[in-house]
Every structure is written in structure tokens, then in C-alpha cells.
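Right, one structure below, let's go through it.
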Amino acid sequence: MKKLVCLLMALVMAATMLAGCGSQDSAGRDDGKIQIKVQYLCGRMNLDLEAVLEEKFPNVDIVTDELVGTPDYIVAKEMEYNLEPDIYLYEGLSHMDDKIIAEKFYDLSQEEFVNHFYLSAVSECINEDGGLYYLPGPVYVYGIVYDKTAFQELGLDVPHSYTEFVNLLNEVRAMNLKGTEPDENDPDAQVTVDVEPFVPTVKWPDMWTFIFDSYIYDDYIKGVDNALWLDRYQQGNESMIGHMEGAAEKLIQLFDDGILSPAFWEVRAPVRTAKLYRYHTSLMTIECQSAQGFNEREHADTPDNLHEIGMMPFYTSDEADTDYLISMPRCYFGMTKRAAQDEAKREAILAIFHFLSTMEGQDLMIEGGGGEINLLKESNLTDAPFYDEVRNTFRGGRVITRFNFAGKSGAVESYMHATTPDLAAGKISVEDWLKEADRVRDEALESKPAAEQSYGTVKETLTMEETAVVVGEAYLHATGAEIGIVPCRASFGMKNRLYQGDITDSAIDTVMTTRMSVGTVTEDPNHVNLVTVKITGQQLMDLLEENKDTFVGLAGLDVVYDPSRPEGERYVSIKYRGKEIGPEDEFIAASVKGAVKSLPVAASYDGLVFRDMFISYLDSVGGEISGAPQSLKIVK
């Protein structure tokens, strides 16, 4: 059945099936716009995307929600309590359990826009049940970055096969080239060093996988049979014995052919960067498209020493079409089944996904414009000479995503990475190496995360607004102030909620008010940690007016809040000890300084750590938060 699903997917990718977004605009309703909640990882989504989507799809109202704190914990809790948004724009989707993905996400495999992506890109997203529940956003693409200027000066040809690459390494080494670098013991002195043809860093497992995954992909991972083997292996139902011996031998061959060296396990990323771009004491390394920016920054003050660089793929054999690049998606996008239950919303989101599966949509998806590349068949590779040697690799769809042997834990990769030098040196046999990888895989599948210490319980899940008041009460406990001020969704506020169940470190860190994480302040303390200020009733109303587009939690006060009212009129009633506050009333208020920066500080709590403060508050209430604060009434 799995094989059939994979074959059907290939057919889907090869043919245009359903209509695009032309008919989707009919999803608009006379009774108002369709509200679509998009949740994205902090610092990832291009904030222009909301406006662009609302302009292109005037029948929708996009509401964005930023994942901050501990995103994996938040997403897990949302799904546990059926609080997930309509769209996730989140790189963590690829690390989630396949069964949870299948349970919570809408299957996109039959949608026409899937055909916009390279098959290799989409196949990496296929679930163990054959469904396609999310698609890739823009990616960092890793290949071999080389010094084009040095190649031209030395008369070196760019290789186009495995053998040509090995011959290039030998040719450069035979030249016995010398260069200079700063002395490690005396930065003001220079030392003469050998110019190396290829200096990657494989100090960490993720960098090791760029080499291993690309060089073994064709023979051991590519294709339906290999994909099925990998799927069974990840579930503990296959062994490396009988399948991966050749992959281990290929890894050893990389050492024998001079592509890998044990020394590379000690090379830190800044070292390989400096050797290639700054000192020109290596000719090649492994890097992504950001190499162009790294290269220019290294010579911002020395432009005459700037070399031209380019990228080539990993040539894994002498056969045609065995050149590969490795991609690391910045995000994935998927629709939740909860959203898909509403037909109009489902059709509107599919129209949005059709747009996100175009060059314009992909280019708008990520904040900052960091030069990310999309995995569409109509790629956004620029005409820059940097990409000349990888254009055919892209056109052939040979851009692959890294895979993990132990589900998504990375445990097997960590073991293989650490022991590869011993394997190459013959200190461990291929058979023993593979058997130990199986054991590590089994251990990873059987292991469960260590239970976190619980400091108390929440009897029922709170809203963000209710949680803000609880956090404000913790402020009062810590400072003895009369009122606590906690903005929601603000730069110096709180952006999450407390979920039903144990209050662990993860739960506390999730609601931690912005920039309250540590007690040691390295910058201006007046803009970081908890403070108390003197505030009048009028100043409080002015502060609420400044934050009228969001909610401000007010602890120590009885508040009636009506979100249906116009901005600036939503606080129906604010009372202190049973009496409506007046403009002349004065209070001592506790807050993060950034939220009350216009008011003079009465006391500063620079050494207070949020987690410790909240645990102390929990102790004061018997370790239990029974439910919504009684001081807050939100009009339904």
C-alpha cells in the first residue's frame, strides 16, 4: 500500500489535476470576512505577508500569532487541547511525530499546487501513512563553495564528477601552495601554512550529514524501495545490516580519496570561514548561499583582497545526474484539520497555499530577505555567477533534504558522526558500526523524555488574557506593589498562556514576559527587568490607550473587558477595592520597565529571575491555579 501511495504521489507531481485558485475567491461571504489565524515562529515570517495576503484575498482577515518561548511545547499543548491555529508556518513540523501530523493536519497530496515543487522536495515531506500534510518554504541550500578567483589564477578547472573532484584535490596538494594566517599564540604575528584544497567543518553532526547524506543518497535512500526501507528502519522494523554496508564503505572511500580527514572533526565554522574568505588558505568548503554575504563582510575594509566565489554541487559518482545539494527549510506550511472542517475557510486557505507555492509567495514568506532559495520548479535562483555551477542541479530537482535514521531524534547521526574517524581508521568494523547504529536507533525509539519537575498545577487552561493577570499577581507577590501591569503581544509583554496540567519549567518559560529571562543584566537595567513605578489613574488610562490594539493584564484591579467594543473603549470598568479608579488616584505598580518606560522607577529588581519569581508565587497560593482570575471578567 505504501508503495502504491508513493507511486500515486509521483503521478500527482507529474500532472496538473485540480483547478488553481481561480475558483477559490468565491469563498467570500456576505456576512463578513473569513478569519484565518496564522501561527509562525518568532523572527521567521515576513511581516509584510499579512498585508499581501489580505490584499490578494480580500475575503479573508489574517490574524497572526507569534510562537515565542518554547515553541515545541506550545504546539504540543495546543494540539493536546484542540487549540491549534488554522495555518502553521513553522519549521518544527518536520520534527513532529508522523501520527500526530496525520491526526492534526489536512492532507494536501491531491492539490494542484503540489505540482509546483520539485518531487525531491515534496517527497521529503511525505508522512509515514503516505499523506502530504505540509510543504516546504524557502530554504538554505548547502553545496561546495569555492574560490573562483584562485581557480582562475591557478588554472584549475571546476570538476563535474566524483573522479574530477578527487583529481582536483590531488592537483592542488601537488602544487605545495603556501599562505599566511595569524599566529594562534600571537595575533599580531603571521605564520606560513599550507593552502588546503578543501576544508569543511564536520565538528557537529548536522555538518557531517551534509556529506554523508549527499554521497550515499543515490544508492541507499533514493527511490521507492529505499524510501520504504528508511521508513521501516525509522520505526525499528529494519536493520542496517544487509542494506547499508556499501554506504559505510563509501564513507571510508571519502577518507581514502582525500575528501575527508580526521582533522575536519576539529575545525570550527569560523576557522573554515576565515581560511576561505579572509586568508585564502583554502580553496573550498561546505557552505550555503549566505557565503556571498560572508565573503563580502570579511573584506568590507579590504575590498582589494575580495575574491569571487561560486557554488558547486556534491559530485557523488561519475554517473550523470548524481550531483546533489542539501537543503535546510526555514519553515514549512500546513493547514490544520480543525480549520479544514469549515468548507469556506478550507477553500480560502487552499487558495492562500496556492499563492505560497509560487515564486512571489515563497519570496514573501520569510522575514529579512536572507537570500533564501525556494524549491519550486520555477526556482528563484538569481543570474549571479555564484550559481552558475548549480543551475543544472536545480533544474534536475536534485536538491535533497537531510533525513534522520532514528525517526527525528538525530541519535543515529550523532553516533555515526562521532565514530566515523574510527571506522575509517579500521578501529571498528563495518558490521559492528552498523550493529551499534541499530542499537542506538532502538534505544532512541524506546526512550522517553525525562519528566520535568512540577511546581504546581493549573486546573483548567487559561486564555492569554487570564494568564497575563496571573503573571501580574506574581509581580505583586514579588514586589508588594498594589497593581501589576502585563501587556499581551507587546515587545515587553507576554505572548502565551498557561495550559491545564503540571506547571513545569517549560510551562513557566512559555509565559515568561519578554526580556525577563535572566537576573544578570548586561545592558541598561532600566529597560530589562522588573521594576515598580508610581502611576496615577490618568497615567494608567493613557498607558491603556497607548496599547489599545492589544490587551493589558491588570492584577490587583477588578476589570471588565469587552473585546467587541472599538479600540480604546474595551475596558468597561476598572475598580480598585470596589471603587472605580479616578484620574487622581495613585498606585505603586509592578511591571517590566519597557512597558512603563515613561514613568520614574521607584524600585528595580535587576537580580530577579522570572522562573524563580513565578515558583515563589506558586508556593504562596498552595501550588495550584484553579482557573481564571476572579478579578477579570471578559464579556462574551
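Letters A, B, ... mark the chains of the C-alpha cells in the order given; residue numbers begin at 1 per chain; ligand numbers begin at 1, in order shown.
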* Which residues come within 9 Å of Leu93 of chain A, counting only C-alpha atoms, excluding same-chain residues fewer than 2 positions away, as a PyMOL selection string? -> chain A and resi 88-91+95-97+101+134+331-334
* Asked: DSSP on the backbone: what in segment 367-612 of chain A comes out strand (DSSP E), as a PyMOL selection string?
  -> chain A and resi 399-401+457-458+483-487+501-502+530-536+552-555+558-561+571-576+579-580+586-592+601-605
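For Lys377 of chain A, the residues within 7 Å (counting only C-alpha atoms, excluding itself and residues fewer than 3 positions away along the chain) are His116, Phe117 and Tyr118 of chain A.
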* Per DSSP on the backbone, what are the alpha helix (DSSP H) residues of segment 448-605 of chain A, as an NGL selection string? -> :A and (464-479 or 505-511 or 537-546)
Those same residues - N, CA and C atoms - I'd like them written as a compact mmCIF listing (two decimals), in the first residue's frame.
# COMPACT_ATOMS: atom_id res chain seq x y z
N MET A 464 -4.84 33.77 27.08
CA MET A 464 -3.67 34.63 27.22
C MET A 464 -3.99 35.80 28.16
N GLU A 465 -5.18 36.35 28.05
CA GLU A 465 -5.57 37.48 28.89
C GLU A 465 -5.60 37.08 30.36
N GLU A 466 -6.18 35.91 30.63
CA GLU A 466 -6.24 35.43 32.02
C GLU A 466 -4.83 35.15 32.54
N THR A 467 -3.99 34.59 31.70
CA THR A 467 -2.62 34.30 32.12
C THR A 467 -1.87 35.58 32.44
N ALA A 468 -2.13 36.64 31.67
CA ALA A 468 -1.46 37.92 31.93
C ALA A 468 -1.78 38.44 33.33
N VAL A 469 -3.02 38.25 33.76
CA VAL A 469 -3.39 38.69 35.11
C VAL A 469 -2.69 37.84 36.16
N VAL A 470 -2.59 36.53 35.91
CA VAL A 470 -1.88 35.66 36.85
C VAL A 470 -0.41 36.07 36.95
N VAL A 471 0.21 36.36 35.83
CA VAL A 471 1.61 36.83 35.85
C VAL A 471 1.70 38.13 36.63
N GLY A 472 0.73 39.02 36.43
CA GLY A 472 0.71 40.26 37.20
C GLY A 472 0.61 40.02 38.69
N GLU A 473 -0.14 38.99 39.09
CA GLU A 473 -0.24 38.65 40.50
C GLU A 473 1.11 38.16 41.04
N ALA A 474 1.88 37.47 40.19
CA ALA A 474 3.23 37.07 40.59
C ALA A 474 4.11 38.29 40.78
N TYR A 475 3.92 39.31 39.95
CA TYR A 475 4.64 40.58 40.13
C TYR A 475 4.34 41.16 41.51
N LEU A 476 3.06 41.14 41.88
CA LEU A 476 2.65 41.73 43.16
C LEU A 476 3.28 40.96 44.32
N HIS A 477 3.29 39.64 44.21
CA HIS A 477 3.88 38.82 45.27
C HIS A 477 5.36 39.13 45.44
N ALA A 478 6.04 39.36 44.33
CA ALA A 478 7.49 39.59 44.38
C ALA A 478 7.84 40.98 44.88
N THR A 479 6.97 41.96 44.65
CA THR A 479 7.34 43.35 44.93
C THR A 479 6.52 44.02 46.02
N ASP A 505 9.08 23.74 34.27
CA ASP A 505 9.95 24.80 33.77
C ASP A 505 9.51 25.24 32.38
N SER A 506 9.13 24.29 31.51
CA SER A 506 8.69 24.64 30.16
C SER A 506 7.45 25.51 30.20
N ALA A 507 6.52 25.17 31.10
CA ALA A 507 5.29 25.95 31.21
C ALA A 507 5.58 27.37 31.66
N ILE A 508 6.50 27.51 32.62
CA ILE A 508 6.86 28.84 33.13
C ILE A 508 7.60 29.63 32.06
N ASP A 509 8.56 28.97 31.40
CA ASP A 509 9.34 29.68 30.39
C ASP A 509 8.46 30.12 29.22
N THR A 510 7.37 29.39 28.98
CA THR A 510 6.46 29.73 27.89
C THR A 510 5.75 31.05 28.14
N VAL A 511 5.42 31.34 29.40
CA VAL A 511 4.71 32.58 29.70
C VAL A 511 5.65 33.68 30.19
N GLY A 537 -4.15 57.21 38.14
CA GLY A 537 -5.24 56.63 37.35
C GLY A 537 -5.22 57.15 35.93
N GLN A 538 -4.91 58.44 35.77
CA GLN A 538 -4.87 59.01 34.43
C GLN A 538 -3.71 58.42 33.62
N GLN A 539 -2.56 58.25 34.28
CA GLN A 539 -1.42 57.67 33.57
C GLN A 539 -1.71 56.22 33.17
N LEU A 540 -2.45 55.51 34.01
CA LEU A 540 -2.82 54.14 33.65
C LEU A 540 -3.73 54.14 32.43
N MET A 541 -4.71 55.05 32.41
CA MET A 541 -5.61 55.12 31.26
C MET A 541 -4.84 55.51 30.00
N ASP A 542 -3.86 56.39 30.14
CA ASP A 542 -3.03 56.77 28.99
C ASP A 542 -2.24 55.56 28.48
N LEU A 543 -1.74 54.74 29.43
CA LEU A 543 -0.98 53.55 29.03
C LEU A 543 -1.88 52.57 28.29
N LEU A 544 -3.11 52.41 28.77
CA LEU A 544 -4.05 51.51 28.08
C LEU A 544 -4.38 52.05 26.69
N GLU A 545 -4.45 53.35 26.56
CA GLU A 545 -4.71 53.96 25.25
C GLU A 545 -3.53 53.71 24.31
N GLU A 546 -2.32 53.79 24.84
CA GLU A 546 -1.14 53.52 24.01
C GLU A 546 -1.14 52.08 23.51
* Asked: What's the 12 Å shell around Glu78 of chain A, counting only C-alpha atoms, without same-chain residues fewer than 6 positions away, as a VMD selection string?
  -> chain A and resid 39 67 71 to 72 84 to 86 88 104 336 338 461 to 463 496 to 500
For C-alpha atoms, I'd like the residues from the last selection saved as a PDB file, in the first residue's frame.
ATOM      1  CA  GLN A  39       0.958  30.968  13.738  1.00  0.00           C
ATOM      2  CA  LEU A  67       5.475  31.464  18.540  1.00  0.00           C
ATOM      3  CA  PRO A  71       7.589  26.591  20.523  1.00  0.00           C
ATOM      4  CA  ASP A  72       7.593  22.776  20.538  1.00  0.00           C
ATOM      5  CA  GLU A  84      -4.287  24.856  17.182  1.00  0.00           C
ATOM      6  CA  PRO A  85      -4.498  27.754  14.658  1.00  0.00           C
ATOM      7  CA  ASP A  86      -5.653  27.470  11.050  1.00  0.00           C
ATOM      8  CA  TYR A  88       1.208  26.747  10.920  1.00  0.00           C
ATOM      9  CA  LYS A 104      -3.986  17.119  13.188  1.00  0.00           C
ATOM     10  CA  THR A 336      -4.893  22.052  10.444  1.00  0.00           C
ATOM     11  CA  ARG A 338      -9.619  21.921  12.648  1.00  0.00           C
ATOM     12  CA  THR A 461      -6.380  26.069  30.515  1.00  0.00           C
ATOM     13  CA  LEU A 462      -6.307  29.844  30.732  1.00  0.00           C
ATOM     14  CA  THR A 463      -6.598  32.341  27.922  1.00  0.00           C
ATOM     15  CA  ASN A 496       1.439  32.787  25.604  1.00  0.00           C
ATOM     16  CA  ARG A 497      -0.855  31.075  28.084  1.00  0.00           C
ATOM     17  CA  LEU A 498      -0.891  28.560  30.915  1.00  0.00           C
ATOM     18  CA  TYR A 499      -2.226  25.157  29.901  1.00  0.00           C
ATOM     19  CA  GLN A 500      -4.088  22.708  32.084  1.00  0.00           C
TER      20      GLN A 500
END
* **Non-local contacts of Ala602 of chain A (9 Å; only C-alpha atoms; under 2 positions in same chain excluded) as a list in words** =>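 Once the nearby chain positions are removed, what remains is Val531, Thr532, Val533, Lys534, Ile588, Pro600 and Ser604 of chain A.
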* atom CA of Glu413 of chain A and atom CA of Glu245 of chain A, how far apart in Å? ->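 Taking atom CA of Glu245 of chain A and atom CA of Glu413 of chain A, their separation equals 15.7 Å.
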* Could you pull the residues within 12 Å of Phe394 of chain A, counting only C-alpha atoms, minus those fewer than 3 positions along the same chain, as JSON, numbers by chain? -> {"A": [117, 118, 119, 120, 121, 141, 143, 312, 313, 321, 323, 324, 325, 326, 327, 373, 374, 375, 376, 377, 378, 379, 380, 381, 387, 388, 389, 390, 391, 397, 398, 399, 400]}
Expected file: the selected residues, N, CA and C atoms, as a short mmCIF file (atom, residue, chain, number, x, y, z; two decimals), in the first residue's frame:
data_model
loop_
_atom_site.label_atom_id
_atom_site.label_comp_id
_atom_site.auth_asym_id
_atom_site.auth_seq_id
_atom_site.Cartn_x
_atom_site.Cartn_y
_atom_site.Cartn_z
N PHE A 117 6.30 22.15 -6.91
CA PHE A 117 7.56 21.85 -6.24
C PHE A 117 8.28 20.69 -6.93
N TYR A 118 9.59 20.67 -6.79
CA TYR A 118 10.34 19.51 -7.23
C TYR A 118 9.88 18.29 -6.43
N LEU A 119 9.85 17.14 -7.09
CA LEU A 119 9.43 15.91 -6.44
C LEU A 119 10.32 15.60 -5.24
N SER A 120 11.63 15.84 -5.38
CA SER A 120 12.54 15.56 -4.27
C SER A 120 12.19 16.39 -3.04
N ALA A 121 11.74 17.63 -3.26
CA ALA A 121 11.38 18.49 -2.13
C ALA A 121 10.13 18.00 -1.44
N VAL A 141 20.45 26.41 1.03
CA VAL A 141 20.96 25.33 0.20
C VAL A 141 22.47 25.22 0.39
N GLY A 143 26.16 23.46 -0.53
CA GLY A 143 26.97 22.77 -1.51
C GLY A 143 28.43 23.05 -1.20
N MET A 312 29.38 24.83 -6.16
CA MET A 312 29.24 23.63 -6.98
C MET A 312 28.51 22.58 -6.15
N PRO A 313 27.89 21.59 -6.78
CA PRO A 313 27.19 20.56 -6.02
C PRO A 313 28.16 19.51 -5.49
N ASP A 321 23.81 12.93 -13.55
CA ASP A 321 22.72 13.27 -12.63
C ASP A 321 22.92 12.68 -11.23
N ASP A 323 24.76 14.55 -9.00
CA ASP A 323 25.22 15.73 -8.28
C ASP A 323 24.07 16.23 -7.42
N TYR A 324 24.36 16.61 -6.17
CA TYR A 324 23.30 16.96 -5.24
C TYR A 324 23.67 18.19 -4.42
N LEU A 325 22.63 18.87 -3.98
CA LEU A 325 22.73 19.92 -2.98
C LEU A 325 21.85 19.52 -1.81
N ILE A 326 22.17 19.98 -0.63
CA ILE A 326 21.39 19.69 0.57
C ILE A 326 20.65 20.95 1.00
N SER A 327 19.38 20.80 1.32
CA SER A 327 18.59 21.97 1.72
C SER A 327 18.17 21.88 3.18
N ILE A 373 16.39 30.36 -0.90
CA ILE A 373 16.06 29.83 -2.21
C ILE A 373 14.83 28.95 -2.06
N ASN A 374 13.90 29.04 -3.00
CA ASN A 374 12.74 28.16 -2.93
C ASN A 374 12.99 26.87 -3.70
N LEU A 375 12.15 25.88 -3.44
CA LEU A 375 12.29 24.57 -4.07
C LEU A 375 11.22 24.35 -5.13
N LEU A 376 10.79 25.44 -5.73
CA LEU A 376 9.84 25.35 -6.84
C LEU A 376 10.58 25.00 -8.12
N LYS A 377 9.83 24.38 -9.03
CA LYS A 377 10.43 24.08 -10.33
C LYS A 377 10.86 25.37 -11.03
N GLU A 378 10.11 26.43 -10.79
CA GLU A 378 10.50 27.76 -11.28
C GLU A 378 11.30 28.42 -10.17
N SER A 379 12.54 28.03 -10.04
CA SER A 379 13.34 28.47 -8.90
C SER A 379 13.66 29.96 -8.99
N ASN A 380 13.93 30.56 -7.81
CA ASN A 380 14.27 31.97 -7.77
C ASN A 380 15.78 32.19 -7.74
N LEU A 381 16.55 31.24 -8.27
CA LEU A 381 17.99 31.47 -8.39
C LEU A 381 18.21 32.73 -9.22
N TYR A 387 25.92 31.07 -8.83
CA TYR A 387 25.10 29.87 -9.00
C TYR A 387 25.35 29.14 -10.32
N ASP A 388 26.30 29.57 -11.10
CA ASP A 388 26.46 29.00 -12.45
C ASP A 388 26.60 27.48 -12.43
N GLU A 389 27.37 26.96 -11.48
CA GLU A 389 27.66 25.53 -11.48
C GLU A 389 26.55 24.68 -10.85
N VAL A 390 25.54 25.31 -10.27
CA VAL A 390 24.48 24.52 -9.64
C VAL A 390 23.13 24.67 -10.35
N ARG A 391 23.09 25.42 -11.44
CA ARG A 391 21.81 25.62 -12.12
C ARG A 391 21.24 24.30 -12.64
N GLY A 397 16.13 18.95 -10.20
CA GLY A 397 15.44 18.61 -8.96
C GLY A 397 16.30 17.85 -7.98
N ARG A 398 17.61 18.00 -8.07
CA ARG A 398 18.49 17.21 -7.21
C ARG A 398 18.92 18.03 -5.97
N VAL A 399 17.93 18.59 -5.32
CA VAL A 399 18.13 19.30 -4.05
C VAL A 399 17.39 18.49 -3.00
N ILE A 400 18.12 17.86 -2.11
CA ILE A 400 17.51 16.94 -1.16
C ILE A 400 17.56 17.51 0.25
#
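Surrounding segment 155-172 of chain A within 8 Å are Phe151, Gln152, Met175, Asn176, Leu177, Glu196, Pro197, Phe198, Asp257, Gly258, Ile259, Tyr315, Thr316, Ser317, Asp318, Glu319 and Asp323 of chain A, with only C-alpha atoms counted and residues fewer than 3 positions along the same chain left out.
Closest approach to Leu53 of chain A among A:Ala340, A:Ala269, A:Leu260, A:Met365 is made by A:Met365 (distances from only C-alpha atoms).
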* Best match for closeness to Ala174 of chain A among A:Val195, A:Leu364, A:Ile581, A:Val271, counting only C-alpha atoms ->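 When distances to Ala174 of chain A are compared using only C-alpha atoms, the smallest one comes from A:Val195.
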* Tell me which of A:Leu254, A:Leu608, A:Leu47, A:Ile286 sits closest to Leu423 of chain A, counting only C-alpha atoms. =>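 Of all the options, A:Leu254 lies closest to Leu423 of chain A.
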* To do: Please indicate the distance in Å from atom CA of Met45 of chain A to atom CA of Thr209 of chain A, rounded to one decimal place.
  =>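 Between atom CA of Met45 of chain A and atom CA of Thr209 of chain A the gap is 27.0 Å.
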* Asked: Suppose you want the space between atom CA of Pro563 of chain A and atom CA of Met79 of chain A; what is it in Å?
  ->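 Computed distance, atom CA of Pro563 of chain A to atom CA of Met79 of chain A, equals 25.2 Å.
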